[in-house]
Structures are given as C-alpha cells and as structure tokens.
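Data from target-v2.txt: compact mmCIF, C-alpha atoms
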```
# COMPACT_ATOMS: atom_id res chain seq x y z
CA MET H 30 89.13 87.28 107.87
CA ILE H 31 90.39 87.57 111.47
CA LEU H 32 88.92 86.28 114.71
CA VAL H 33 90.22 87.89 117.91
CA ALA H 34 89.08 85.83 120.87
CA ASN H 35 89.91 84.19 124.21
CA GLY H 36 89.46 87.36 126.22
CA SER H 37 86.95 89.61 127.94
CA LEU H 38 85.04 91.54 125.29
CA LEU H 39 84.36 95.23 125.95
CA THR H 40 82.40 96.38 122.90
CA GLY H 41 81.15 99.92 123.51
CA ASP H 42 77.84 98.64 122.11
CA PRO H 43 74.87 99.07 124.52
CA ALA H 44 73.21 96.03 122.93
CA LEU H 45 76.11 93.79 123.98
CA PRO H 46 78.43 95.77 126.25
CA TRP H 47 80.41 92.91 127.82
CA LEU H 48 81.21 89.22 127.49
CA ASP H 49 83.48 87.35 129.85
CA ARG H 50 84.61 85.06 127.07
CA GLY H 51 84.02 86.77 123.77
CA GLY H 52 85.49 87.53 120.41
CA VAL H 53 85.15 89.69 117.32
CA VAL H 54 85.39 88.83 113.62
CA VAL H 55 86.79 91.28 111.06
CA ASP H 56 86.19 90.87 107.34
CA ASP H 57 88.78 91.42 104.64
CA ASP H 58 87.13 94.77 103.85
CA GLY H 59 88.26 96.06 107.24
CA LEU H 60 84.80 96.08 108.82
CA ILE H 61 83.55 94.03 111.74
CA ARG H 62 81.43 91.07 110.72
CA GLU H 63 80.27 89.98 114.17
CA ALA H 64 81.01 90.22 117.89
CA GLY H 65 79.81 87.61 120.33
CA PRO H 66 80.62 84.51 122.37
CA GLU H 67 83.91 82.90 121.43
CA GLY H 68 82.47 79.40 120.99
CA LYS H 69 79.79 80.61 118.60
CA LEU H 70 82.26 82.58 116.49
CA LYS H 71 84.74 79.71 116.26
CA LYS H 72 82.04 77.43 114.88
CA ALA H 73 80.67 80.05 112.49
CA TYR H 74 84.08 81.12 111.09
CA PRO H 75 86.34 78.06 111.12
CA GLY H 76 88.60 79.48 108.38
CA ALA H 77 89.29 82.80 110.09
CA ARG H 78 92.82 83.60 111.20
CA TYR H 79 92.82 83.27 114.99
CA ILE H 80 94.43 85.86 117.25
CA ASP H 81 94.65 84.77 120.87
CA ALA H 82 93.90 87.53 123.40
CA ARG H 83 95.35 85.29 126.14
CA GLY H 84 92.68 86.27 128.63
CA GLY H 85 93.15 90.02 128.15
CA VAL H 86 90.57 92.66 127.29
CA ILE H 87 89.42 92.90 123.66
CA MET H 88 88.12 96.41 122.96
CA PRO H 89 87.90 99.23 120.37
CA GLY H 90 91.06 101.18 119.58
CA PHE H 91 91.53 104.61 121.12
CA VAL H 92 91.14 107.99 119.40
CA ASN H 93 93.51 110.91 120.08
CA LEU H 94 91.76 114.15 119.13
CA HIS H 95 94.73 116.52 119.45
CA HIS H 96 98.32 115.46 118.86
CA HIS H 97 101.53 117.13 117.63
CA CYS H 98 103.76 114.61 115.84
CA TYR H 99 106.32 117.28 115.00
CA SER H 100 107.09 117.70 118.71
CA ALA H 101 108.62 114.20 118.95
CA PHE H 102 112.18 115.37 118.34
CA ALA H 103 112.03 117.71 121.33
CA ARG H 104 112.31 114.69 123.63
CA GLY H 105 115.61 115.06 125.49
CA LEU H 106 116.46 118.25 123.60
CA SER H 107 118.39 120.99 125.39
CA MET H 108 118.51 124.32 123.55
CA LYS H 109 120.98 127.09 124.28
CA GLY H 110 119.49 129.99 126.18
CA TYR H 111 116.14 128.30 126.80
CA ARG H 112 114.91 129.42 130.24
CA PRO H 113 111.18 130.00 129.87
CA ALA H 114 109.38 132.10 132.46
CA GLY H 115 105.91 131.73 130.94
CA PHE H 116 103.89 130.13 128.18
CA LEU H 117 104.79 132.67 125.49
CA GLN H 118 108.47 132.04 126.16
CA ILE H 119 107.84 128.29 125.85
CA LEU H 120 106.30 128.87 122.42
CA GLU H 121 108.95 131.32 121.21
CA GLY H 122 111.96 129.64 122.80
CA MET H 123 111.14 126.00 122.06
CA TRP H 124 108.31 125.19 119.67
CA TRP H 125 108.61 128.02 117.15
CA ARG H 126 112.38 127.59 116.97
CA LEU H 127 111.89 123.87 116.46
CA ASP H 128 109.31 124.11 113.69
CA ARG H 129 111.32 126.78 111.82
CA ALA H 130 114.31 124.42 111.69
CA MET H 131 112.41 121.40 110.42
CA THR H 132 112.90 119.83 107.00
CA LEU H 133 110.55 117.41 105.26
CA GLU H 134 112.82 114.58 106.43
CA ASP H 135 112.37 115.74 110.03
CA VAL H 136 108.61 115.88 109.49
CA TYR H 137 108.41 112.33 108.19
CA HIS H 138 110.61 110.70 110.82
CA SER H 139 109.07 112.53 113.77
CA ALA H 140 105.63 111.46 112.55
CA ALA H 141 106.73 107.86 112.02
CA VAL H 142 108.04 107.44 115.57
CA THR H 143 104.98 109.16 117.02
CA PHE H 144 102.65 106.86 115.12
CA LEU H 145 104.74 103.89 116.26
CA GLU H 146 104.10 104.96 119.84
CA CYS H 147 100.41 105.37 119.04
CA VAL H 148 100.15 101.80 117.78
CA ARG H 149 101.99 100.54 120.86
CA ALA H 150 99.50 102.40 123.08
CA GLY H 151 96.43 101.16 121.21
CA VAL H 152 95.64 104.46 119.48
CA THR H 153 94.11 103.70 116.10
CA THR H 154 92.88 107.17 115.01
CA VAL H 155 94.87 110.41 115.38
CA PHE H 156 93.91 114.04 114.80
CA ASP H 157 97.29 115.71 114.30
CA HIS H 158 97.99 119.44 114.31
CA HIS H 159 101.21 120.03 112.40
CA ALA H 160 103.70 122.91 112.11
CA SER H 161 107.04 123.08 110.28
CA TYR H 162 107.67 126.60 109.08
CA GLY H 163 111.04 125.51 107.78
CA ALA H 164 109.27 123.16 105.35
CA ILE H 165 105.61 123.96 104.71
CA GLN H 166 104.78 122.70 101.25
CA GLY H 167 104.23 118.96 101.15
CA SER H 168 104.65 118.55 104.90
CA LEU H 169 101.18 117.08 105.47
CA SER H 170 101.88 114.48 102.77
CA GLU H 171 104.94 113.42 104.75
CA VAL H 172 102.87 113.04 107.92
CA SER H 173 100.31 111.10 105.90
CA ARG H 174 103.03 108.88 104.43
CA ALA H 175 104.18 108.03 107.94
CA ALA H 176 100.60 107.23 108.94
CA ASP H 177 100.34 104.91 105.94
CA ARG H 178 103.57 103.16 106.88
CA LEU H 179 102.30 102.50 110.41
CA GLY H 180 98.72 101.83 109.26
CA LEU H 181 96.78 104.45 111.24
CA ARG H 182 93.67 106.48 110.51
CA ALA H 183 94.53 110.17 110.65
CA CYS H 184 92.92 113.57 110.23
CA LEU H 185 95.64 116.13 109.53
CA CYS H 186 96.04 119.89 109.32
CA TYR H 187 98.76 122.53 109.10
CA GLU H 188 99.06 125.33 111.67
CA VAL H 189 98.27 128.66 109.96
CA SER H 190 99.81 131.66 111.72
CA ASP H 191 100.83 135.23 110.97
CA ARG H 192 103.91 134.89 113.18
CA ASP H 193 106.34 134.28 110.28
CA GLY H 194 104.93 136.76 107.80
CA GLU H 195 102.34 136.91 105.05
CA GLU H 196 104.12 134.68 102.54
CA LYS H 197 104.45 131.74 104.90
CA CYS H 198 100.92 132.31 106.18
CA THR H 199 99.66 132.00 102.61
CA GLN H 200 101.74 128.85 102.08
CA ALA H 201 100.25 127.36 105.24
CA ILE H 202 96.69 128.01 104.08
CA GLU H 203 97.52 126.50 100.69
CA GLU H 204 99.08 123.44 102.34
CA ASN H 205 95.84 122.77 104.20
CA LEU H 206 93.81 123.14 101.02
CA ARG H 207 96.22 120.98 99.01
CA PHE H 208 96.03 118.21 101.57
CA LEU H 209 92.24 118.43 101.81
CA ARG H 210 92.16 117.68 98.07
CA GLU H 211 94.70 114.88 98.50
CA ALA H 212 92.70 113.27 101.29
CA ALA H 213 89.46 113.59 99.33
CA ARG H 214 90.94 111.56 96.48
CA ARG H 215 91.43 108.57 98.77
CA LYS H 216 88.70 105.96 98.91
CA ASP H 217 89.84 104.02 101.96
CA GLU H 218 88.40 106.09 104.87
CA MET H 219 91.88 106.33 106.36
CA ARG H 220 92.58 110.03 105.88
CA HIS H 221 90.81 113.36 106.30
CA GLY H 222 91.92 116.95 106.54
CA MET H 223 91.04 120.13 108.40
CA MET H 224 92.06 123.80 108.29
CA GLY H 225 94.71 124.11 110.98
CA MET H 226 95.23 127.36 112.85
CA HIS H 227 97.65 128.20 115.64
CA ALA H 228 95.77 130.47 118.07
CA ALA H 229 93.76 133.65 117.87
CA PHE H 230 96.58 135.86 119.16
CA THR H 231 98.78 134.97 116.15
CA LEU H 232 95.93 135.28 113.63
CA SER H 233 94.58 138.58 112.30
CA ASP H 234 90.93 138.97 111.42
CA ARG H 235 91.88 138.96 107.75
CA THR H 236 93.76 135.66 108.13
CA LEU H 237 90.80 134.10 109.94
CA GLU H 238 88.55 135.26 107.11
CA ARG H 239 90.90 133.87 104.45
CA CYS H 240 90.95 130.46 106.15
CA VAL H 241 87.18 130.29 106.53
CA GLU H 242 86.47 131.57 103.02
CA ALA H 243 88.76 128.93 101.49
CA LEU H 244 87.42 126.05 103.59
CA PRO H 245 85.32 123.38 101.84
CA PRO H 246 81.84 122.92 103.40
CA ALA H 247 82.64 119.40 104.66
CA ALA H 248 85.65 120.49 106.73
CA GLY H 249 86.21 122.55 109.85
CA CYS H 250 89.06 124.20 111.70
CA HIS H 251 91.49 122.86 114.29
CA ILE H 252 92.72 125.68 116.52
CA HIS H 253 94.20 126.27 119.99
CA VAL H 254 91.74 128.35 122.03
CA ALA H 255 92.56 130.27 125.20
CA GLU H 256 95.34 127.84 126.09
CA GLY H 257 97.18 130.59 127.93
CA LEU H 258 96.03 133.82 129.54
CA ASP H 259 97.96 135.75 126.88
CA ASP H 260 95.48 134.57 124.24
CA ALA H 261 92.49 135.71 126.31
CA ARG H 262 94.08 139.07 127.19
CA HIS H 263 95.17 139.75 123.60
CA SER H 264 91.65 139.28 122.28
CA LEU H 265 90.11 141.60 124.87
CA GLN H 266 92.79 144.28 124.50
CA THR H 267 93.05 144.17 120.69
CA TYR H 268 89.52 143.33 119.57
CA GLY H 269 87.40 144.22 122.60
CA LYS H 270 85.84 140.78 122.81
CA PRO H 271 86.65 137.33 124.27
CA VAL H 272 88.48 134.79 122.12
CA VAL H 273 85.53 132.49 121.49
CA ARG H 274 83.18 135.33 120.51
CA ARG H 275 85.81 136.65 118.11
CA LEU H 276 86.17 133.20 116.53
CA ARG H 277 82.38 132.86 116.33
CA ASP H 278 82.07 136.26 114.66
CA ARG H 279 84.68 135.22 112.06
CA GLY H 280 82.90 131.94 111.24
CA VAL H 281 85.54 129.64 112.71
CA LEU H 282 83.30 127.70 115.09
CA GLY H 283 80.94 124.83 114.21
CA ARG H 284 80.37 121.11 114.61
CA LYS H 285 83.40 120.22 112.45
CA THR H 286 85.78 122.52 114.34
CA ILE H 287 88.09 121.52 117.21
CA ALA H 288 88.82 124.14 119.87
CA ALA H 289 91.80 122.58 121.62
CA HIS H 290 92.40 123.43 125.30
CA SER H 291 89.72 126.11 125.83
CA ILE H 292 90.99 126.84 129.34
CA HIS H 293 90.45 130.55 130.07
CA LEU H 294 86.80 131.00 129.11
CA ASN H 295 83.96 132.99 130.60
CA TRP H 296 80.42 131.65 130.79
CA GLU H 297 79.34 133.40 127.57
CA GLU H 298 82.13 131.62 125.70
CA VAL H 299 81.10 128.26 127.10
CA GLN H 300 77.58 128.89 125.85
CA LEU H 301 78.85 129.89 122.40
CA LEU H 302 80.76 126.62 122.14
CA ARG H 303 77.59 124.74 123.08
CA GLU H 304 75.38 126.72 120.69
CA THR H 305 77.74 126.17 117.76
CA ASP H 306 78.37 122.51 118.74
CA THR H 307 82.10 123.16 118.51
CA MET H 308 84.31 120.33 119.77
CA VAL H 309 86.50 121.09 122.79
CA VAL H 310 89.56 118.86 123.34
CA HIS H 311 91.08 118.68 126.82
CA ASN H 312 94.84 118.01 127.13
CA PRO H 313 95.46 117.70 130.87
CA GLN H 314 99.11 116.64 131.04
CA SER H 315 100.27 119.28 128.57
CA ASN H 316 98.31 121.98 130.39
CA MET H 317 99.91 121.03 133.70
CA GLY H 318 103.36 120.77 132.12
CA ASN H 319 103.08 124.22 130.57
CA ALA H 320 101.54 125.66 133.75
CA VAL H 321 98.78 127.33 131.75
CA GLY H 322 95.83 126.42 133.95
CA CYS H 323 93.00 123.89 134.02
CA ALA H 324 89.86 123.82 131.91
CA ASN H 325 86.72 123.27 133.96
CA ILE H 326 85.73 120.16 132.03
CA PRO H 327 83.01 118.95 134.43
CA GLU H 328 81.23 122.31 134.07
CA TYR H 329 81.65 122.27 130.28
CA VAL H 330 80.09 118.82 130.08
CA LYS H 331 77.28 119.85 132.41
CA ALA H 332 76.64 122.88 130.18
CA GLY H 333 76.23 120.63 127.13
CA VAL H 334 79.55 121.34 125.41
CA THR H 335 80.94 118.52 123.27
CA VAL H 336 84.21 117.54 124.97
CA GLY H 337 86.90 114.96 124.19
CA LEU H 338 90.48 114.13 125.12
CA GLY H 339 93.84 114.63 123.43
CA THR H 340 97.47 114.68 124.44
CA ASP H 341 98.91 117.79 122.71
CA GLY H 342 102.10 115.86 121.93
CA TYR H 343 102.86 115.29 125.61
CA THR H 344 102.32 111.53 125.25
CA SER H 345 100.59 109.09 122.91
CA ASP H 346 98.98 107.14 125.77
CA MET H 347 95.28 107.92 125.98
CA LEU H 348 94.75 105.88 129.14
CA GLU H 349 97.32 108.05 130.88
CA SER H 350 95.70 111.21 129.51
CA CYS H 351 92.32 110.08 130.81
CA LYS H 352 93.76 109.16 134.19
CA ALA H 353 95.42 112.59 134.47
CA ALA H 354 92.19 114.34 133.45
CA GLY H 355 90.26 112.60 136.22
CA VAL H 356 92.82 113.40 138.91
CA LEU H 357 93.18 116.99 137.69
CA ALA H 358 89.41 117.54 137.88
CA LYS H 359 89.43 116.44 141.51
CA HIS H 360 92.51 118.48 142.38
CA HIS H 361 91.33 121.64 140.62
CA SER H 362 87.88 121.58 142.22
CA GLN H 363 89.09 120.24 145.57
CA ASP H 364 86.18 117.83 145.27
CA PRO H 365 86.97 114.09 145.46
CA GLY H 366 83.68 113.37 143.71
CA ALA H 367 84.53 115.46 140.63
CA GLY H 368 85.51 114.00 137.26
CA ALA H 369 82.94 111.21 137.01
CA GLU H 370 82.30 112.19 133.40
CA ILE H 371 85.97 111.94 132.36
CA PRO H 372 86.07 108.21 131.39
CA GLY H 373 83.13 108.85 129.06
CA LEU H 374 85.25 111.32 127.11
CA LEU H 375 87.76 108.61 126.21
CA PHE H 376 85.43 105.66 125.83
CA GLN H 377 82.46 107.37 124.12
CA SER H 378 82.95 111.04 123.19
CA ASN H 379 86.28 110.73 121.38
CA ALA H 380 84.92 108.22 118.88
CA ALA H 381 81.69 110.19 118.38
CA MET H 382 83.69 113.34 117.71
CA ALA H 383 86.02 111.54 115.30
CA ASN H 384 82.95 110.28 113.46
CA ARG H 385 82.17 113.83 112.45
CA TYR H 386 84.94 113.20 109.92
CA PHE H 387 85.21 109.43 109.52
CA LYS H 388 82.00 107.86 108.23
CA THR H 389 82.76 104.32 109.40
CA PRO H 390 81.60 103.89 113.03
CA LEU H 391 84.55 104.08 115.43
CA GLY H 392 84.88 103.16 119.09
CA VAL H 393 82.51 100.21 118.97
CA LEU H 394 82.80 96.50 118.19
CA LYS H 395 79.67 95.56 116.27
CA ALA H 396 78.72 94.53 112.75
CA GLY H 397 79.53 97.24 110.20
CA ALA H 398 81.86 99.21 112.46
CA ALA H 399 85.54 99.82 111.78
CA GLY H 400 87.79 96.84 112.41
CA ASP H 401 89.91 98.90 114.83
CA ILE H 402 90.58 96.53 117.71
CA ILE H 403 93.10 96.34 120.52
CA VAL H 404 93.95 93.73 123.13
CA VAL H 405 94.99 94.94 126.58
CA ASP H 406 97.00 92.61 128.80
CA TYR H 407 94.90 93.25 131.87
CA HIS H 408 93.80 90.51 134.25
CA PRO H 409 91.67 91.91 137.10
CA PHE H 410 91.86 90.71 140.67
CA THR H 411 88.40 92.15 141.45
CA PRO H 412 85.13 91.61 139.55
CA MET H 413 85.02 93.33 136.15
CA ASP H 414 82.07 93.86 133.82
CA GLY H 415 80.69 96.37 131.35
CA GLY H 416 79.68 98.73 134.14
CA ASN H 417 83.06 99.13 135.78
CA ALA H 418 85.48 98.28 132.97
CA GLY H 419 86.45 101.93 132.50
CA GLY H 420 87.53 102.23 136.11
CA HIS H 421 89.45 98.98 135.88
CA LEU H 422 91.39 100.11 132.81
CA LEU H 423 92.13 103.58 134.15
CA PHE H 424 93.44 102.39 137.50
CA GLY H 425 94.90 99.06 136.42
CA ALA H 426 96.29 99.54 132.92
CA CYS H 427 98.24 101.92 130.70
CA GLY H 428 99.10 102.09 127.03
CA ARG H 429 102.11 99.82 127.44
CA ASP H 430 99.72 97.00 128.40
CA VAL H 431 98.37 96.90 124.83
CA THR H 432 99.66 93.76 123.14
CA THR H 433 97.77 93.76 119.83
CA THR H 434 96.56 96.61 117.62
CA ILE H 435 94.43 96.15 114.49
CA VAL H 436 93.26 98.97 112.22
CA ALA H 437 90.76 98.46 109.40
CA GLY H 438 91.28 94.71 109.72
CA LYS H 439 95.05 94.99 109.29
CA VAL H 440 97.23 93.65 112.09
CA LEU H 441 99.71 96.41 112.94
CA MET H 442 101.02 94.81 116.13
CA GLU H 443 100.48 91.30 117.50
CA ASP H 444 101.88 90.22 120.84
CA ARG H 445 103.94 93.44 120.68
CA VAL H 446 105.55 92.42 117.37
CA PHE H 447 105.08 94.56 114.24
CA PRO H 448 104.71 92.17 111.30
CA GLY H 449 106.57 93.39 108.24
CA LEU H 450 107.99 96.47 109.97
CA ASP H 451 111.59 96.85 111.05
CA THR H 452 110.98 98.96 114.16
CA GLN H 453 114.67 99.04 115.10
CA LYS H 454 115.56 100.62 111.76
CA LEU H 455 112.68 103.06 112.07
CA LEU H 456 113.96 104.16 115.48
CA ALA H 457 117.60 104.28 114.33
CA ASP H 458 116.67 106.44 111.34
CA ALA H 459 114.74 108.78 113.62
CA ARG H 460 117.67 109.10 116.05
CA GLN H 461 120.00 110.02 113.21
CA GLN H 462 117.51 112.57 111.88
CA ALA H 463 116.99 114.03 115.36
CA ARG H 464 120.76 114.46 115.83
CA ASP H 465 120.89 116.42 112.60
CA LEU H 466 117.97 118.62 113.69
CA TRP H 467 119.55 119.26 117.09
CA ARG H 468 122.80 120.34 115.39
CA ARG H 469 120.86 122.80 113.27
CA LEU H 470 119.05 124.18 116.31
CA ASN H 471 122.13 124.60 118.46
CA GLY H 472 124.73 125.20 115.76
```

In structure tokens, write the structure found in this file.
Amino acid sequence: MILVANGSLLTGDPALPWLDRGGVVVDDDGLIREAGPEGKLKKAYPGARYIDARGGVIMPGFVNLHHHCYSAFARGLSMKGYRPAGFLQILEGMWWRLDRAMTLEDVYHSAAVTFLECVRAGVTTVFDHHASYGAIQGSLSEVSRAADRLGLRACLCYEVSDRDGEEKCTQAIEENLRFLREAARRKDEMRHGMMGMHAAFTLSDRTLERCVEALPPAAGCHIHVAEGLDDARHSLQTYGKPVVRRLRDRGVLGRKTIAAHSIHLNWEEVQLLRETDTMVVHNPQSNMGNAVGCANIPEYVKAGVTVGLGTDGYTSDMLESCKAAGVLAKHHSQDPGAGAEIPGLLFQSNAAMANRYFKTPLGVLKAGAAGDIIVVDYHPFTPMDGGNAGGHLLFGACGRDVTTTIVAGKVLMEDRVFPGLDTQKLLADARQQARDLWRRLNG
C-alpha cells in the first residue's frame, strides 16, 4: 500500500475536486483505496509506504491517445536526398523509408525510449499506432514488451496499408489480429489492441472490408483521417465521396474507433463522426510541423463530436500538446477567446475515451479507480484551486516538471529516479541501435 501526500490534490472527481493539503492511497491490487485530507489518511493507513509530494500537485496520470513509438529513431536523423515539398513527400521520403528499414530490435528499442519519455512526462496510458514494414510479424509484441519493461498501460495496433503490396498488407492485418488475441489473454488491464490502418488513400475498399470483417466486436479501428489534403482529394476523385463518408460506408467508424487528425472535413463529415460517436484525436504540434492544416476543434466540440488529444510522435509531453492546441485554436480562428474547451480534452475527454477500452476508471483519483498517479513540481505564485488548476498547469508547468509517476500502484519514477531500471543502459542501447538503423537507411 502506498500513500502519496504532502501536496495539493487535484482529483478529477467532482465530489472532491481539490484539496490544498491532500493525499491518495493505493492498494496492492493497483486500485485507489481513498483520496482525502493528508492528516486523515496518515492516521487511517499508518503502515502505508509514504511518498512525499514536497508541496507539488498530486493528480491523475495523463493519457496520450495517438502516439508513434517507431518514430523515435528519426530524432536527429538526416537522410540522403530528403527535401520534402509537401506532406506526401514527408511520408514517402521519411516515414515509409524508416519503417521499411526497421527490424524487431529497432521496434523494441524505439518503443522503450519513447515509453521512458512518457513516464518522465507523467503519461501513464498510451494508444500507439505502429508501423515497421521491414519487420511486421511479432512487432506489436515487441512494443508491448517495452511497455511492460517501463510499466505503462498501452493500447496497440499495427498500421495496415496497401502501399507495400498485398502480402505485407495481409501480414499487417494478421499482426493486429494476433496481438488482439495476445492482449485478450492478459488479466491485468494493462494492454488492449485495435485494428490499425494507415489512411484511406492507401487503403482499397477491399482492404477496408477485410479489416472490418476480421475485427472482433469489442475492438475498433485506429486510422489517420484527412490529415492532408491529398487524402481528401483522393477520396473524392477515386470514390466520389468524402473520406469520412467512405469510411462510414465501409463500417470503419464507431465508438471504439479513433479517427486521428480529421483536419480537412466538410460539415457532413463532422456530423457523421458525431452520429457514429467516433473518437477524433487532435495532434496540434505534428499538424503544424507537417504544414498540413488545422482541425477546427472548437467547432467539432460544439457539434458534439468526441474529441481528445494526442501527439502523433512529435513529443510525449501532453501538457505541451494541450498548450499548443489552445494557442493554435486562437491563432487559426483569429479569436483570442477561442480554445476554452481545449483543457477539457486533456483533463477529462482523454481518460473517458481511453475508458472505452480500459475498464478500470482512468483520469480520476477516487476509490476504485486506477492507481495511476503523478506528482508535478509546481508551486503557484497566484491562488490555485480546482477551478483554475488546468490553467495553472498549462501556463506554469510542462512534462519535465513531473517528479513521480505511478501506474497501477507500481512506482515507475520517484523524485525522477527509476527504481530497478538502468536508464543509462536503456538509452545507450537505443543509441547503438539507432546508429545501426541510420547506417541501413543511408548505406
């Protein structure tokens, strides 16, 4: 049993949203026993292991709804002849070359360092969208093994695409199905699977049908939707209908499906996403970095679409992603009052969306919820309470301010130290593996 206390408690629970001097108790089964005043908890649980928040903010861990662990080894990479003039050239010249060169060793080490960064930034649950066309079979098990080593909850999928031919497309579908069975055999609520898909413009109708027909009823799809104008144009020119309507007609949409990005949509498509209760995941920094445009998130939320936040591999810092989303909403609309709904995506919607897969309540510190807790080294110089805590964290903190991360009652990082994990070796192994991958790419 663990007691995290001596800090400001931000619970996410409307019944007890904030305590100036609070704490939370986690049982050995990984669930929260109680959250409340520190003095009361100390008396009630004298034998609990005490973790000192040192006056920081005690709060639920973050959820990242769209990540790409395999992209980690592109950091600092310079590839011969890479001079992209548009989004398609970014995909073809960087990401598809990278994933075709990857081995299972690359997959594991890139996932391990990404999950290390997640823990450091207070991310406790990750929805990862994986691609490694150089090593398809068993790749999701390698990502899962890395998640186990770092201790994170994860929902994984493999990116199905027709871009490398029918045989590899079939292997990709089978890898998703194999991992769905693997995840279902676990009893610890730490792993789930989805049917991953790249984007509609690299998926034929027959491939979409194959994916949907093979999908178990309890799972959905994880797909990039209208991230670039090329996707939207391709659907209209090839199939005579917008991307979202095409995906709806092929049975891809639904409350267990993630439509990442969803930038270039018309109003009919927005309504289809709402009607099917499909989850949209906004990735602001990646969208700006790739110069693909800006999703009108405030309008989506107003229309009743279920919207959350991810990072698309650009970073593992959800506070930075949220901050960028808020600023981008203002900039895009030229309205300084826009983006008021953005903090709610990170602090409420992300957990609710993740709970469409994970049964244990996430994103809240109350009895029976997941023991996923972080401590943020933030000490405000203006009044802070449950009503303005989101604004405080977004403008005063970032992921690097997280000092302690606990998942399912297991301490992954305490005072920025990883108990039982040699982080220097993990990083050294990754650097060596990355050098080998870079040689293969540029050799």

Discussion item. Nearest residue to H:Asn471 out of H:Gly318, H:Gly110, H:Gly400, H:Pro271, using all atoms listed in the file?
Written reply: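 Answer, going by the shortest atom-to-atom distance: H:Gly110.
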
Discussion item. Neighbouring residues of H:Ala82 were defined as those with any atom within 6 Å, considering only C-alpha atoms; residues of the same chain fewer than 3 positions away were excluded. Please report them as a ChimeraX atom specification.
Written reply: /H:34-36,85

Discussion item. Under the rule that only C-alpha atoms are counted, which of H:His227, H:Thr434, H:Phe116, H:Phe387 is the nearest residue to H:Ala212?
Written reply: H:Phe387

Worksheet item: Which value, in Å to one decimal, gives the distance between atom CA of H:Ile371 and atom CA of H:Cys351?
Response: 6.8 Å

Where does stretch 115-178 of chain H meet stretch 335-342 of chain H within 12 Å, residue by residue, with the nearest atom pair and distance in Å to one decimal for each, counting all atoms listed in the file, listed by chain and rising number, as JSON lines?
```
{"residue": "H:Trp124", "atom": "CA", "partner": "H:Gly342", "partner_atom": "CA", "distance": 11.4}
{"residue": "H:Ser139", "atom": "CA", "partner": "H:Gly342", "partner_atom": "CA", "distance": 11.2}
{"residue": "H:Ala140", "atom": "CA", "partner": "H:Gly342", "partner_atom": "CA", "distance": 10.9}
{"residue": "H:Thr143", "atom": "CA", "partner": "H:Gly342", "partner_atom": "CA", "distance": 8.8}
{"residue": "H:Phe144", "atom": "CA", "partner": "H:Gly342", "partner_atom": "CA", "distance": 11.3}
{"residue": "H:Glu146", "atom": "CA", "partner": "H:Gly342", "partner_atom": "CA", "distance": 11.3}
{"residue": "H:Cys147", "atom": "CA", "partner": "H:Gly342", "partner_atom": "CA", "distance": 11.0}
{"residue": "H:Val152", "atom": "CA", "partner": "H:Gly339", "partner_atom": "CA", "distance": 11.1}
{"residue": "H:Thr154", "atom": "CA", "partner": "H:Gly339", "partner_atom": "CA", "distance": 11.3}
{"residue": "H:Val155", "atom": "CA", "partner": "H:Gly339", "partner_atom": "CA", "distance": 9.1}
{"residue": "H:Phe156", "atom": "CA", "partner": "H:Gly339", "partner_atom": "CA", "distance": 8.7}
{"residue": "H:Asp157", "atom": "CA", "partner": "H:Asp341", "partner_atom": "CA", "distance": 8.8}
{"residue": "H:His158", "atom": "CA", "partner": "H:Asp341", "partner_atom": "CA", "distance": 8.6}
{"residue": "H:His159", "atom": "CA", "partner": "H:Gly342", "partner_atom": "CA", "distance": 10.4}
```

Worksheet entry | Counting all atoms listed in the file, the option among H:Glu256, H:Asp444, H:Asp346, H:Glu134 closest to H:His96 |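 Between H:Glu256, H:Asp444, H:Asp346, H:Glu134, the residue approaching H:His96 most closely is H:Asp346.
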
Worksheet item: What's the 7 Å shell around H:Lys395, counting all atoms listed in the file, without same-chain residues fewer than 3 positions away, as a count of residues only?
Response: 5

Fill in: 10 Å contact set for H:Tyr386, only C-alpha atoms, chain neighbours under 3 positions out, as a list in words
Cys184, Glu218, Arg220, His221, Gly222, Met223, Ala247, Ala248, Gly249, Lys285, Ala381, Met382, Ala383 and Thr389 of chain H

For the residues selected in the previous step, produce a file with C-alpha atoms as a PDB file, in the coordinates of the input.
```
ATOM      1  CA  CYS H 184      92.920 113.570 110.230  1.00  0.00           C
ATOM      2  CA  GLU H 218      88.400 106.090 104.870  1.00  0.00           C
ATOM      3  CA  ARG H 220      92.580 110.030 105.880  1.00  0.00           C
ATOM      4  CA  HIS H 221      90.810 113.360 106.300  1.00  0.00           C
ATOM      5  CA  GLY H 222      91.920 116.950 106.540  1.00  0.00           C
ATOM      6  CA  MET H 223      91.040 120.130 108.400  1.00  0.00           C
ATOM      7  CA  ALA H 247      82.640 119.400 104.660  1.00  0.00           C
ATOM      8  CA  ALA H 248      85.650 120.490 106.730  1.00  0.00           C
ATOM      9  CA  GLY H 249      86.210 122.550 109.850  1.00  0.00           C
ATOM     10  CA  LYS H 285      83.400 120.220 112.450  1.00  0.00           C
ATOM     11  CA  ALA H 381      81.690 110.190 118.380  1.00  0.00           C
ATOM     12  CA  MET H 382      83.690 113.340 117.710  1.00  0.00           C
ATOM     13  CA  ALA H 383      86.020 111.540 115.300  1.00  0.00           C
ATOM     14  CA  THR H 389      82.760 104.320 109.400  1.00  0.00           C
TER      15      THR H 389
END
```

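Between atom CA of H:Thr132 and atom CA of H:Gly163 lies a distance of 6.0 Å.
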
Worksheet item: Suppose you want the space between atom CA of H:Asp260 and atom CA of H:Ala229; what is it in Å?
Response: 6.7 Å

Fill in: Non-local contacts of H:Arg464 (12 Å; only C-alpha atoms; under 5 positions in same chain excluded) as a PyMOL selection string
chain H and resi 102-107+135+138+457-459+469-472

May I have the residues from that selection written out with C-alpha atoms, as a short mmCIF file (atom, residue, chain, number, x, y, z; two decimals), in the frame of the given file?
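Just written: out-v3.cif:
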```cif
data_model
loop_
_atom_site.label_atom_id
_atom_site.label_comp_id
_atom_site.auth_asym_id
_atom_site.auth_seq_id
_atom_site.Cartn_x
_atom_site.Cartn_y
_atom_site.Cartn_z
CA PHE H 102 112.18 115.37 118.34
CA ALA H 103 112.03 117.71 121.33
CA ARG H 104 112.31 114.69 123.63
CA GLY H 105 115.61 115.06 125.49
CA LEU H 106 116.46 118.25 123.60
CA SER H 107 118.39 120.99 125.39
CA ASP H 135 112.37 115.74 110.03
CA HIS H 138 110.61 110.70 110.82
CA ALA H 457 117.60 104.28 114.33
CA ASP H 458 116.67 106.44 111.34
CA ALA H 459 114.74 108.78 113.62
CA ARG H 469 120.86 122.80 113.27
CA LEU H 470 119.05 124.18 116.31
CA ASN H 471 122.13 124.60 118.46
CA GLY H 472 124.73 125.20 115.76
#
```

Worksheet item: Hey, which of H:Gly257, H:Pro327, H:Gly180, H:Gly59 ends up closest to H:Leu450? Count all atoms listed in the file.
Response: H:Gly180
